[in-house]
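K.L.:
What follows is a structure written as structure tokens; I'll ask about it next.
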Amino acid sequence: MAFKEYGDHDALGLAGLVRSKQVSPRELLDEAVARTERVNPRINAVVVRHEDYARRQIDEGLPDGPFTGVPFLLKDLELLDGTRTTFGASLYKDFVADHTGTLAQRFLKAGLTIFGKSASPEFGLMPTTECRLHGPTRNPWNTDYASGGSSGGAAAAVAARILPVAHASDGGGSIRIPASACGVFGLKPTRARNPTGPDKAEGWGGFSCGHVVSISVRDSAAMLDAVHGPELTSPYMAPAPERPFLDEVSRGPGRLRIFFTDKSPYGDAIDPKSPLPSAMSPSYSKHRGIMSKNARRCCRSTLRK
């Protein structure tokens, strides 16, 4: 497969090529590894590599899932039996997991070949990806800039087209920040939508949850279909979806509503160069077919509670 062809497909597209036998899982893995070797020295997105694990997956036979044969990276916070997870911390630089997390199990069941781990700040606690153990992860669009965090390695790897989709997690913006910085799609799921066990029942009181960053919306939706749902250790669960998430991608959203405020809830001054006031002006909203409402009162009342 030519370099350009691989980069033109999202994850569902690559899985479709595998299903139609136009390409093999091993060819896709080899391409992902080659891209890692070519690009990663400049962006430092992939910090743990275990191609041997992915090759064993292929040799032993991949399950028939929506993403069979698609190369994949876990964030360097997730456990995968027999592989190294450092949590971005020197204390765990040689830590090897003795079991696999529930979310990673579901990624495997979806047919993904997991060949490494993407960079994270120490324990995923910062909105930028610059841990001392592995060094900073750089933005593929401009390596003078940061990739955001804490899923900065995942977003940078997807933006650089090392692969079309990668595991990410989000508590206070750790999917959304790097997705915005790197120009990829990132969705933080509803709390308890995806599993966090078996080692913890929930993260940050349910604020922290795992999912992916991707180059297409449909990949994110299809992945949510593949991995969502409670596990035995779940203390509560999200409401069941009305229909597959992938079906939602092709449905019209109806009239959209956006609540916004051009005032800080803390009384601080807003940067006069901020594009928010002009972007949410009545003329912009009318042009985009969006019904907008200033949420200043809503924001204040929420903070009082």
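By convention here, the chains of the structure tokens are called A, B, ... in the order presented, each chain's residues are numbered starting at 1, and ligands are numbered starting at 1 in the order presented.
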Tell me, as a PyMOL selection string, which residues lie within 10 Å of range 90-96 of chain A, counting only C-alpha atoms; anything in the same chain fewer than 5 positions away does not count.
P.N.:
chain A and resi 48+79-85+122+131-134
K.L.:
Among range 121-192 of chain A, which residues carry a DSSP assignment of helix (DSSP H, G or I), reported as a PDB file with C-alpha atoms, in the first residue's frame?
P.N.:
ATOM      1  CA  GLU A 122       2.586  12.302  34.554  1.00  0.00           C
ATOM      2  CA  PHE A 123      -0.593  10.418  35.487  1.00  0.00           C
ATOM      3  CA  GLY A 124      -2.517  12.452  32.893  1.00  0.00           C
ATOM      4  CA  GLY A 152      -1.368  14.966  23.488  1.00  0.00           C
ATOM      5  CA  GLY A 153       0.492  11.918  22.196  1.00  0.00           C
ATOM      6  CA  ALA A 154      -2.702  10.389  20.815  1.00  0.00           C
ATOM      7  CA  ALA A 155      -3.812  13.601  19.112  1.00  0.00           C
ATOM      8  CA  ALA A 156      -0.356  14.252  17.641  1.00  0.00           C
ATOM      9  CA  ALA A 157      -0.099  10.686  16.315  1.00  0.00           C
ATOM     10  CA  VAL A 158      -3.507  10.909  14.641  1.00  0.00           C
ATOM     11  CA  ALA A 159      -2.849  14.388  13.257  1.00  0.00           C
ATOM     12  CA  ARG A 176     -10.901  18.059  23.851  1.00  0.00           C
ATOM     13  CA  ILE A 177      -7.811  20.219  24.392  1.00  0.00           C
ATOM     14  CA  PRO A 178      -5.367  18.175  22.260  1.00  0.00           C
ATOM     15  CA  ALA A 179      -8.051  17.501  19.639  1.00  0.00           C
ATOM     16  CA  SER A 180      -8.470  21.246  19.267  1.00  0.00           C
ATOM     17  CA  ALA A 181      -4.719  21.907  19.278  1.00  0.00           C
ATOM     18  CA  CYS A 182      -3.965  19.212  16.689  1.00  0.00           C
TER      19      CYS A 182
END
K.L.:
Write out as an mmCIF file with C-alpha atoms, in the first residue's frame all residues of range 58-251 of chain A that backbone DSSP assigns to strand (DSSP E).
P.N.:
data_model
loop_
_atom_site.group_PDB
_atom_site.id
_atom_site.type_symbol
_atom_site.label_atom_id
_atom_site.label_comp_id
_atom_site.auth_asym_id
_atom_site.auth_seq_id
_atom_site.Cartn_x
_atom_site.Cartn_y
_atom_site.Cartn_z
ATOM 1 C CA PRO A 71 -3.354 -0.305 13.991
ATOM 2 C CA PHE A 72 -3.944 1.342 17.361
ATOM 3 C CA LEU A 73 -2.202 3.042 20.273
ATOM 4 C CA LEU A 74 -3.254 3.032 23.908
ATOM 5 C CA LYS A 75 -2.614 6.121 25.984
ATOM 6 C CA THR A 113 -3.874 -4.254 16.676
ATOM 7 C CA ILE A 114 -2.211 -2.435 19.580
ATOM 8 C CA PHE A 115 1.432 -1.687 18.788
ATOM 9 C CA GLY A 116 2.336 0.902 21.418
ATOM 10 C CA LYS A 117 1.429 3.654 23.863
ATOM 11 C CA SER A 118 1.019 7.361 23.219
ATOM 12 C CA GLU A 130 5.558 17.406 28.612
ATOM 13 C CA CYS A 131 6.621 14.817 31.177
ATOM 14 C CA GLY A 135 10.081 14.794 27.083
ATOM 15 C CA PRO A 136 7.600 17.089 25.315
ATOM 16 C CA ARG A 138 5.139 18.483 19.720
ATOM 17 C CA ASN A 139 2.347 19.584 17.436
ATOM 18 C CA ASN A 142 4.131 23.243 13.849
ATOM 19 C CA THR A 143 6.697 21.575 16.067
ATOM 20 C CA ASP A 144 7.375 24.854 17.853
ATOM 21 C CA TYR A 145 3.948 24.449 19.452
ATOM 22 C CA ALA A 146 2.548 22.021 22.018
ATOM 23 C CA VAL A 165 -7.669 6.666 15.564
ATOM 24 C CA ALA A 166 -6.061 6.312 18.996
ATOM 25 C CA HIS A 167 -7.137 5.818 22.590
ATOM 26 C CA ALA A 168 -7.509 8.976 24.661
ATOM 27 C CA SER A 169 -9.045 9.907 27.997
ATOM 28 C CA ASP A 170 -10.602 13.039 29.420
ATOM 29 C CA PHE A 185 -11.954 14.997 16.273
ATOM 30 C CA GLY A 186 -12.359 14.404 19.992
ATOM 31 C CA CYS A 209 -13.488 8.622 31.093
ATOM 32 C CA GLY A 210 -11.769 6.954 28.177
ATOM 33 C CA HIS A 211 -12.528 7.039 24.472
ATOM 34 C CA VAL A 212 -10.537 8.023 21.346
ATOM 35 C CA VAL A 213 -9.378 10.844 19.122
ATOM 36 C CA SER A 214 -9.853 10.269 15.403
#
K.L.:
Would you mind telling me which residue in A:Thr86, A:Leu232, A:Gly148, A:Phe67 lies nearest to Asp219 in chain A when using only C-alpha atoms?
P.N.:
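Of A:Thr86, A:Leu232, A:Gly148, A:Phe67, the one nearest Asp219 in chain A is A:Phe67, counting only C-alpha atoms.
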K.L.:
Near Lys109 in chain A, within 10 Å and counting only C-alpha atoms, which residues show up once chain neighbours fewer than 6 positions away are dropped, as a PyMOL selection string?
P.N.:
chain A and resi 62-68+103+226-227
K.L.:
Fewer than 2 positions away in the same chain doesn't count, so skip those; otherwise give me all residues within 10 Å of Gln57 in chain A, counting only C-alpha atoms, as a list in words.
P.N.:
Pro25, Glu51, Asp52, Tyr53, Ala54, Arg55, Asp59, Glu60, Gly61, Leu62, Pro63, Gly69, Leu108, Gly111, Leu112, Thr113, Ile114 and Phe115 of chain A
K.L.:
Write a file of the selected residues as an mmCIF file, in the first residue's frame, keeping C-alpha atoms.
P.N.:
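Okay, this is what ended up in result35.cif:
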data_model
loop_
_atom_site.group_PDB
_atom_site.id
_atom_site.type_symbol
_atom_site.label_atom_id
_atom_site.label_comp_id
_atom_site.auth_asym_id
_atom_site.auth_seq_id
_atom_site.Cartn_x
_atom_site.Cartn_y
_atom_site.Cartn_z
ATOM 1 C CA PRO A 25 -3.613 -6.463 8.874
ATOM 2 C CA GLU A 51 5.019 -4.150 17.792
ATOM 3 C CA ASP A 52 5.669 -7.738 18.829
ATOM 4 C CA TYR A 53 2.395 -7.720 20.779
ATOM 5 C CA ALA A 54 0.476 -6.564 17.688
ATOM 6 C CA ARG A 55 2.205 -9.143 15.486
ATOM 7 C CA ASP A 59 -0.545 -14.470 14.102
ATOM 8 C CA GLU A 60 -3.083 -15.811 16.608
ATOM 9 C CA GLY A 61 -6.021 -14.508 14.576
ATOM 10 C CA LEU A 62 -7.919 -11.270 15.061
ATOM 11 C CA PRO A 63 -11.554 -11.211 16.165
ATOM 12 C CA GLY A 69 -6.749 -5.119 11.412
ATOM 13 C CA LEU A 108 -8.935 -5.832 21.361
ATOM 14 C CA GLY A 111 -10.146 -6.132 16.194
ATOM 15 C CA LEU A 112 -7.578 -3.368 16.718
ATOM 16 C CA THR A 113 -3.874 -4.254 16.676
ATOM 17 C CA ILE A 114 -2.211 -2.435 19.580
ATOM 18 C CA PHE A 115 1.432 -1.687 18.788
#
K.L.:
Write out as JSON, numbers by chain each polymer residue whose atoms come within 12 Å of range 199-204 of chain A, counting only C-alpha atoms; drop sequence neighbours fewer than 4 positions from it.
P.N.:
{"A": [78, 79, 97, 98, 99, 100, 101, 102, 103, 124, 125, 169, 170, 171, 172, 191, 192, 193, 194, 195, 208, 209, 210, 230, 231, 232, 233, 234, 235, 236, 237]}
K.L.:
Could you produce a table of the residues of range 162-203 of chain A lying within 12 Å of range 34-43 of chain A, with the nearest pair of atoms per residue and their separation in Å rounded to one decimal, using only C-alpha atoms, ordered by chain and increasing residue number, as a tab-separated table?
P.N.:
residue	atom	partner	partner_atom	distance
A:Ile162	CA	A:Arg35	CA	5.3
A:Leu163	CA	A:Arg35	CA	8.5
A:Pro164	CA	A:Arg35	CA	11.9
A:Cys182	CA	A:Ile43	CA	11.7
K.L.:
At what distance in Å, to one decimal, does CA of Ala221 in chain A lie from CA of Pro121 in chain A?
P.N.:
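Taking CA of Pro121 in chain A as the start and CA of Ala221 in chain A as the end point, the length is 26.5 Å.
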K.L.:
Take CA of Leu246 in chain A and CA of Arg218 in chain A and report the distance between them in Å, one decimal.
P.N.:
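Value for the CA of Leu246 in chain A-CA of Arg218 in chain A distance: 6.1 Å.
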K.L.:
Just the number, please: distance in Å from CA of Phe87 in chain A to CA of Ser120 in chain A, one decimal.
P.N.:
7.0 Å
